[in-house]
file entry-v5.csv (CSV, C-alpha atoms)
chain,number,residue,atom,x,y,z
A,6,GLY,CA,100.4,154.9,112.0
A,7,GLN,CA,97.6,152.3,112.2
A,8,THR,CA,97.2,152.3,108.5
A,9,ALA,CA,100.9,151.6,108.0
A,10,LEU,CA,100.9,148.8,110.5
A,11,GLN,CA,97.8,147.3,108.9
A,12,ALA,CA,99.5,147.5,105.5
A,13,ASP,CA,102.7,145.8,106.9
A,14,ALA,CA,100.5,143.0,108.4
A,15,ASP,CA,98.7,142.4,105.1
A,16,ALA,CA,102.0,142.3,103.3
A,17,GLU,CA,103.4,139.7,105.7
A,18,GLN,CA,100.2,137.6,105.3
A,19,GLU,CA,100.6,137.7,101.6
A,20,LEU,CA,104.2,136.7,101.7
A,21,ASP,CA,103.7,134.0,104.4
A,22,PRO,CA,105.0,130.8,102.8
A,23,ALA,CA,103.1,128.6,105.2
A,24,GLY,CA,99.8,130.2,104.4
A,25,GLU,CA,100.5,130.0,100.7
A,26,TRP,CA,101.7,126.4,101.0
A,27,TYR,CA,98.4,125.2,102.5
A,28,SER,CA,96.2,127.5,100.4
A,29,ALA,CA,93.0,126.0,99.2
A,30,LYS,CA,93.8,127.5,95.7
A,31,LYS,CA,96.3,124.7,95.3
A,32,GLU,CA,93.6,122.0,95.1
A,33,TYR,CA,89.8,122.1,94.6
A,34,SER,CA,87.0,120.2,93.0
A,35,ASP,CA,84.5,121.3,90.4
A,36,ASN,CA,82.2,119.9,87.8
A,37,TRP,CA,85.1,118.9,85.7
A,38,GLY,CA,86.9,117.0,88.4
A,39,ASP,CA,89.7,117.5,90.9
A,40,VAL,CA,92.3,120.2,90.2
A,41,PHE,CA,95.8,120.2,91.7
A,42,THR,CA,98.6,122.6,91.1
A,43,VAL,CA,102.1,121.2,90.4
A,44,GLY,CA,103.3,122.7,93.7
A,45,ARG,CA,100.6,120.9,95.6
A,46,LEU,CA,101.5,117.6,94.1
A,47,LEU,CA,105.2,118.1,94.9
A,48,GLN,CA,104.1,118.9,98.5
A,49,LEU,CA,102.1,115.7,98.8
A,50,ALA,CA,105.0,113.7,97.4
A,51,GLY,CA,107.4,115.4,99.8
A,52,ALA,CA,109.6,116.7,97.0
A,53,ASP,CA,111.3,120.1,96.9
A,54,LEU,CA,112.5,121.6,93.6
A,55,ASP,CA,115.4,123.5,95.2
A,56,LEU,CA,116.4,121.5,98.3
A,57,ASP,CA,116.5,118.0,96.8
A,58,ARG,CA,119.5,117.0,94.7
A,59,ASN,CA,120.5,114.0,92.6
A,60,MET,CA,123.8,112.1,92.7
A,61,ASP,CA,125.5,114.8,90.5
A,62,GLY,CA,124.5,117.6,92.8
A,63,TRP,CA,121.8,119.0,90.5
A,64,THR,CA,118.6,120.3,92.1
A,65,THR,CA,115.3,118.8,91.2
A,66,ARG,CA,114.5,122.0,89.3
A,67,GLN,CA,117.6,121.5,87.2
A,68,ALA,CA,117.4,117.7,86.7
A,69,GLY,CA,113.7,117.2,86.7
A,70,THR,CA,111.6,114.6,88.5
A,71,ALA,CA,108.7,112.2,88.0
A,72,LEU,CA,105.5,112.0,90.1
A,73,GLU,CA,103.1,109.2,90.3
A,74,VAL,CA,99.5,110.1,91.2
A,75,VAL,CA,97.2,107.2,92.1
A,76,ALA,CA,93.5,107.6,92.5
A,77,VAL,CA,92.7,104.8,95.0
A,78,TYR,CA,89.1,103.7,95.1
A,79,ASN,CA,87.6,101.5,97.8
A,80,ASN,CA,84.3,100.2,99.1
A,81,LEU,CA,85.5,97.9,101.9
A,82,TYR,CA,85.4,99.0,105.6
A,83,PRO,CA,86.3,97.0,108.7
A,84,ILE,CA,83.3,95.3,110.3
A,85,LEU,CA,80.8,97.7,108.6
A,86,SER,CA,81.1,96.1,105.1
A,87,THR,CA,80.1,92.8,106.7
A,88,PHE,CA,76.6,94.3,107.2
A,89,GLY,CA,76.3,95.7,103.7
A,90,TYR,CA,78.0,99.2,104.1
A,91,THR,CA,79.9,99.5,100.8
A,92,PRO,CA,79.8,103.2,99.6
A,93,VAL,CA,82.5,103.9,97.1
A,94,LYS,CA,85.1,106.5,98.1
A,95,TYR,CA,88.5,107.5,96.8
A,96,HIS,CA,91.6,109.4,97.8
A,97,TYR,CA,94.9,110.3,96.1
A,98,GLN,CA,98.4,108.9,96.7
A,99,VAL,CA,101.3,111.0,95.3
A,100,ASN,CA,104.8,109.5,95.2
A,101,GLU,CA,108.0,110.8,93.7
A,102,LEU,CA,109.8,108.3,91.5
A,103,ILE,CA,113.5,108.0,92.3
A,104,LEU,CA,115.0,109.0,88.9
A,105,PRO,CA,118.3,111.0,88.6
A,106,TYR,CA,117.1,112.9,85.5
A,107,VAL,CA,113.8,113.4,83.8
A,108,SER,CA,114.3,115.1,80.4
A,109,ARG,CA,113.5,114.9,76.7
A,110,ALA,CA,115.6,115.9,73.7
A,111,GLN,CA,114.1,117.5,70.6
A,112,LEU,CA,115.0,119.7,67.7
A,113,ALA,CA,114.8,123.4,68.3
A,114,LYS,CA,112.1,125.3,66.5
A,115,VAL,CA,114.6,127.7,65.1
A,116,GLN,CA,117.3,125.9,63.0
A,117,PRO,CA,120.4,127.2,61.2
A,118,ALA,CA,120.3,128.2,57.6
A,119,ASP,CA,122.2,125.1,56.5
A,120,TYR,CA,119.7,122.7,58.2
A,121,PRO,CA,119.7,119.7,58.1
A,122,LYS,CA,123.4,119.7,57.7
A,123,THR,CA,123.7,121.5,61.0
A,124,ARG,CA,121.1,121.0,63.7
A,125,VAL,CA,120.3,122.6,67.0
A,126,SER,CA,119.0,120.1,69.6
A,127,GLU,CA,117.3,121.1,72.9
A,128,VAL,CA,117.4,119.0,76.1
A,129,GLN,CA,114.4,120.0,78.3
A,130,TYR,CA,114.1,119.1,82.0
A,131,GLY,CA,110.9,119.2,83.9
A,132,VAL,CA,108.3,117.4,86.0
A,133,LEU,CA,106.7,114.3,84.5
A,134,ILE,CA,103.3,113.4,86.1
A,135,HIS,CA,101.9,109.9,85.7
A,136,PHE,CA,98.2,109.3,86.6
A,137,LYS,CA,96.7,105.9,87.2
A,138,VAL,CA,93.7,104.3,89.0
A,139,GLY,CA,94.1,101.8,91.8
A,140,GLY,CA,92.3,100.4,94.8
A,141,ARG,CA,89.9,97.4,95.2
A,142,PHE,CA,86.2,96.7,95.2
A,143,GLY,CA,84.6,94.0,97.3
A,144,PHE,CA,81.4,92.0,96.7
A,145,PHE,CA,79.7,89.0,98.2
A,146,SER,CA,80.8,85.6,96.8
A,147,PHE,CA,79.1,82.4,97.9
A,148,VAL,CA,81.9,80.3,96.5
A,149,TYR,CA,84.5,82.4,98.5
A,150,LEU,CA,82.3,82.0,101.6
A,151,LEU,CA,82.4,78.2,101.2
A,152,LEU,CA,86.1,78.3,100.7
A,153,MET,CA,86.6,80.3,103.9
A,154,LEU,CA,84.3,78.0,105.9
A,155,THR,CA,86.1,75.0,104.6
A,156,ALA,CA,89.5,76.4,105.5
A,157,ALA,CA,88.2,77.4,109.0
A,158,PHE,CA,86.8,73.9,109.6
A,159,ALA,CA,90.0,72.3,108.4
A,160,LEU,CA,92.1,74.5,110.7
A,161,THR,CA,89.9,73.6,113.6
A,162,ALA,CA,90.1,69.9,112.9
A,163,THR,CA,93.9,70.2,112.6
A,164,ALA,CA,94.2,72.0,115.9
A,165,THR,CA,92.0,69.3,117.6
A,166,THR,CA,94.1,66.5,116.1
A,167,VAL,CA,97.4,68.0,117.1
A,168,THR,CA,96.1,68.5,120.7
A,169,ASP,CA,95.0,64.9,120.9
A,170,LEU,CA,98.3,63.6,119.6
A,171,PHE,CA,100.2,65.7,122.0
A,172,TYR,CA,98.3,64.6,125.1
A,173,LEU,CA,98.0,60.9,124.0
A,174,TYR,CA,101.7,60.3,123.1
A,175,ILE,CA,103.8,63.1,124.5
A,176,SER,CA,102.2,64.5,127.7
A,177,GLY,CA,103.0,63.1,131.1
A,178,GLN,CA,99.3,62.6,131.7
A,179,GLN,CA,98.7,60.2,128.8
A,180,ALA,CA,96.7,57.6,130.8
A,181,ASN,CA,94.4,60.2,132.3
A,182,PHE,CA,93.7,61.9,129.1
A,183,PHE,CA,93.1,58.6,127.3
A,184,HIS,CA,90.4,57.5,129.8
A,185,LEU,CA,88.8,60.9,129.8
A,186,LYS,CA,88.5,60.9,126.0
A,187,TYR,CA,87.8,57.2,125.3
A,188,GLU,CA,85.7,54.6,127.1
A,189,VAL,CA,87.0,51.1,126.4
A,190,SER,CA,84.3,48.5,126.3
A,191,PRO,CA,84.7,44.8,127.3
A,192,ASP,CA,84.7,41.9,124.9
A,193,PHE,CA,81.0,41.6,123.8
A,194,SER,CA,81.5,37.9,123.1
A,195,ASP,CA,82.1,37.3,126.9
A,196,MET,CA,78.9,39.1,128.0
A,197,TRP,CA,75.4,37.7,128.5
A,198,GLU,CA,72.4,39.2,126.8
A,199,CYS,CA,69.2,40.3,128.6
A,200,GLY,CA,66.1,38.6,127.2
A,201,THR,CA,64.0,41.7,128.0
A,202,CYS,CA,66.0,44.7,126.6
A,203,HIS,CA,68.8,42.8,124.8
A,204,PHE,CA,71.4,44.7,126.7
A,205,LEU,CA,74.8,43.0,127.1
A,206,ASN,CA,76.0,42.6,130.7
A,207,LEU,CA,79.2,41.6,132.3
A,208,LYS,CA,79.4,38.0,133.7
A,209,GLU,CA,79.7,39.2,137.3
A,210,HIS,CA,76.3,40.9,137.1
A,211,ASP,CA,73.3,38.7,137.9
A,212,THR,CA,70.7,41.2,136.9
A,213,CYS,CA,70.5,43.4,133.7
A,214,ARG,CA,72.1,46.8,134.0
A,215,GLY,CA,70.5,48.1,130.8
A,216,VAL,CA,69.3,51.7,130.4
A,217,PRO,CA,67.2,52.9,127.4
A,218,LYS,CA,68.8,55.1,124.8
A,219,PHE,CA,69.1,58.9,125.5
A,220,MET,CA,68.7,58.3,129.2
A,221,CYS,CA,71.2,59.0,132.0
A,222,PRO,CA,72.6,55.8,133.5
A,223,ARG,CA,72.9,57.5,136.9
A,224,THR,CA,69.3,58.8,137.2
A,225,THR,CA,67.4,56.2,135.2
A,226,PRO,CA,66.4,52.9,136.8
A,227,VAL,CA,68.1,49.9,135.2
A,228,CYS,CA,66.2,47.1,133.5
A,229,GLY,CA,66.9,44.7,136.5
A,230,ALA,CA,65.8,41.5,134.6
A,231,PRO,CA,67.6,38.4,136.0
A,232,ARG,CA,70.1,36.5,134.0
A,233,PRO,CA,68.6,33.7,132.0
A,234,VAL,CA,69.0,30.3,133.8
A,235,LYS,CA,71.0,28.7,131.0
A,236,GLN,CA,73.5,31.5,130.8
A,237,ALA,CA,73.7,31.5,134.6
A,238,GLU,CA,74.5,27.8,134.7
A,239,GLU,CA,77.2,28.3,132.0
A,240,ALA,CA,78.7,31.1,134.0
A,241,VAL,CA,78.9,28.8,137.2
A,242,THR,CA,80.2,25.8,135.3
A,243,PRO,CA,84.0,25.8,135.4

call {"tool": "encode", "arguments": {"input": "entry-v5.csv", "output": "structure tokens"}}
result
Amino acid sequence: GQTALQADADAEQELDPAGEWYSAKKEYSDNWGDVFTVGRLLQLAGADLDLDRNMDGWTTRQAGTALEVVAVYNNLYPILSTFGYTPVKYHYQVNELILPYVSRAQLAKVQPADYPKTRVSEVQYGVLIHFKVGGRFGFFSFVYLLLMLTAAFALTATATTVTDLFYLYISGQQANFFHLKYEVSPDFSDMWECGTCHFLNLKEHDTCRGVPKFMCPRTTPVCGAPRPVKQAEEAVTP
């Protein structure tokens, strides 16, 4: 009894369509390359010879079909390739081309006795498989780096310009933004010059308010030199 049950289980396993469908025998690699069965390629393309039909009701087995197999090579990986990780890898993409019929017509090998007056022609339907290589390889290019940096700087400058134009001419806080961004100087021709540090001061200031370059006006003592007598007299004279 146990022998019979074991035999039935083995038979079911041999006839299991799912197990056969995903069997490793349908695809493998050896020293000659990668090997696929036609059934495995049809599976990867999502095609079925008996369930798929064309517009005339013919099954794929009757009308034929075409498969496109692309070997996609790549050596670019997000983030990692930035630091020099560029190993070459590949994978396959299998697509079924939407064609109503795939066939070829040729003369039969056996012809009538009165050939070529009478000819026998054969129309053969089948699976046409087209192989091609695709993908992309990346490598460092200094010119492309300069192009990307230029584009980035241009976009940044454009964003800054658009923001300034909006707050200077459209926003309701135009005056606040203007005085935060720009410092309007007085008319230099109406200011008096310090004889010590040559700093230009306003007329209402009697002593020089000059501060050396690269120094903070709030924490650095000012020059403090008095206004020249001649300029002071000119300022008092109506």

call {"tool": "residues_around", "arguments": {"input": "entry-v5.csv", "residues": "Phe41 in chain A", "least_positions_apart": "3", "cutoff": "8 Å", "atoms": "only C-alpha atoms", "output": "compact mmCIF listing (two decimals) with C-alpha atoms, in the frame of the given file"}}
result
# COMPACT_ATOMS: atom_id res chain seq x y z
CA LYS A 31 96.30 124.70 95.30
CA GLU A 32 93.60 122.00 95.10
CA TYR A 33 89.80 122.10 94.60
CA ARG A 45 100.60 120.90 95.60
CA LEU A 46 101.50 117.60 94.10

call {"tool": "residues_around", "arguments": {"input": "entry-v5.csv", "residues": "range 204-217 of chain A", "least_positions_apart": "4", "cutoff": "8 Å", "atoms": "all atoms listed in the file", "output": "list of chain:residue names"}}
result
A:Phe193, A:Asp195, A:Met196, A:Trp197, A:Glu198, A:Cys199, A:Cys221, A:Pro222, A:Thr225, A:Pro226, A:Val227, A:Cys228, A:Gly229, A:Ala230, A:Pro231, A:Arg232, A:Ala237, A:Ala240

call {"tool": "atom_distance", "arguments": {"input": "entry-v5.csv", "atom1": "CA of Glu101 in chain A", "atom2": "CA of Asn79 in chain A"}}
result
22.8 Å

call {"tool": "closest_residue", "arguments": {"input": "entry-v5.csv", "among": "A:Ala68, A:Ala76, A:Ala180, A:Val99", "to": "Leu49 in chain A", "atoms": "all atoms listed in the file"}}
result
A:Val99

call {"tool": "closest_residue", "arguments": {"input": "entry-v5.csv", "among": "A:Thr163, A:Thr87, A:Asn100, A:Thr224", "to": "Gly51 in chain A", "atoms": "only C-alpha atoms"}}
result
A:Asn100

call {"tool": "atom_distance", "arguments": {"input": "entry-v5.csv", "atom1": "CA of Tyr130 in chain A", "atom2": "CA of Ala50 in chain A"}}
result
18.7 Å

call {"tool": "residues_around", "arguments": {"input": "entry-v5.csv", "residues": "Leu47 in chain A", "least_positions_apart": "4", "cutoff": "12 Å", "atoms": "all atoms listed in the file", "output": "JSON list (two decimals) with C-alpha atoms, in the frame of the given file"}}
result
[["chain", "number", "residue", "atom", "x", "y", "z"],
["A", 26, "TRP", "CA", 101.70, 126.40, 101.00],
["A", 31, "LYS", "CA", 96.30, 124.70, 95.30],
["A", 41, "PHE", "CA", 95.80, 120.20, 91.70],
["A", 42, "THR", "CA", 98.60, 122.60, 91.10],
["A", 43, "VAL", "CA", 102.10, 121.20, 90.40],
["A", 51, "GLY", "CA", 107.40, 115.40, 99.80],
["A", 52, "ALA", "CA", 109.60, 116.70, 97.00],
["A", 53, "ASP", "CA", 111.30, 120.10, 96.90],
["A", 54, "LEU", "CA", 112.50, 121.60, 93.60],
["A", 55, "ASP", "CA", 115.40, 123.50, 95.20],
["A", 57, "ASP", "CA", 116.50, 118.00, 96.80],
["A", 65, "THR", "CA", 115.30, 118.80, 91.20],
["A", 66, "ARG", "CA", 114.50, 122.00, 89.30],
["A", 69, "GLY", "CA", 113.70, 117.20, 86.70],
["A", 70, "THR", "CA", 111.60, 114.60, 88.50],
["A", 71, "ALA", "CA", 108.70, 112.20, 88.00],
["A", 72, "LEU", "CA", 105.50, 112.00, 90.10],
["A", 73, "GLU", "CA", 103.10, 109.20, 90.30],
["A", 74, "VAL", "CA", 99.50, 110.10, 91.20],
["A", 98, "GLN", "CA", 98.40, 108.90, 96.70],
["A", 99, "VAL", "CA", 101.30, 111.00, 95.30],
["A", 100, "ASN", "CA", 104.80, 109.50, 95.20],
["A", 101, "GLU", "CA", 108.00, 110.80, 93.70],
["A", 102, "LEU", "CA", 109.80, 108.30, 91.50],
["A", 132, "VAL", "CA", 108.30, 117.40, 86.00],
["A", 133, "LEU", "CA", 106.70, 114.30, 84.50],
["A", 134, "ILE", "CA", 103.30, 113.40, 86.10]]

call {"tool": "atom_distance", "arguments": {"input": "entry-v5.csv", "atom1": "CA of Tyr106 in chain A", "atom2": "CA of Gly140 in chain A"}}
result
29.3 Å

call {"tool": "closest_residue", "arguments": {"input": "entry-v5.csv", "among": "A:Arg141, A:Gly131, A:Cys202, A:Pro105", "to": "Lys218 in chain A", "atoms": "all atoms listed in the file"}}
result
A:Cys202

call {"tool": "closest_residue", "arguments": {"input": "entry-v5.csv", "among": "A:Leu160, A:Gly200, A:Val77, A:Ser146", "to": "Val234 in chain A", "atoms": "all atoms listed in the file"}}
result
A:Gly200

call {"tool": "closest_residue", "arguments": {"input": "entry-v5.csv", "among": "A:Val148, A:Ala156, A:Val138, A:Val189", "to": "His96 in chain A", "atoms": "all atoms listed in the file"}}
result
A:Val138
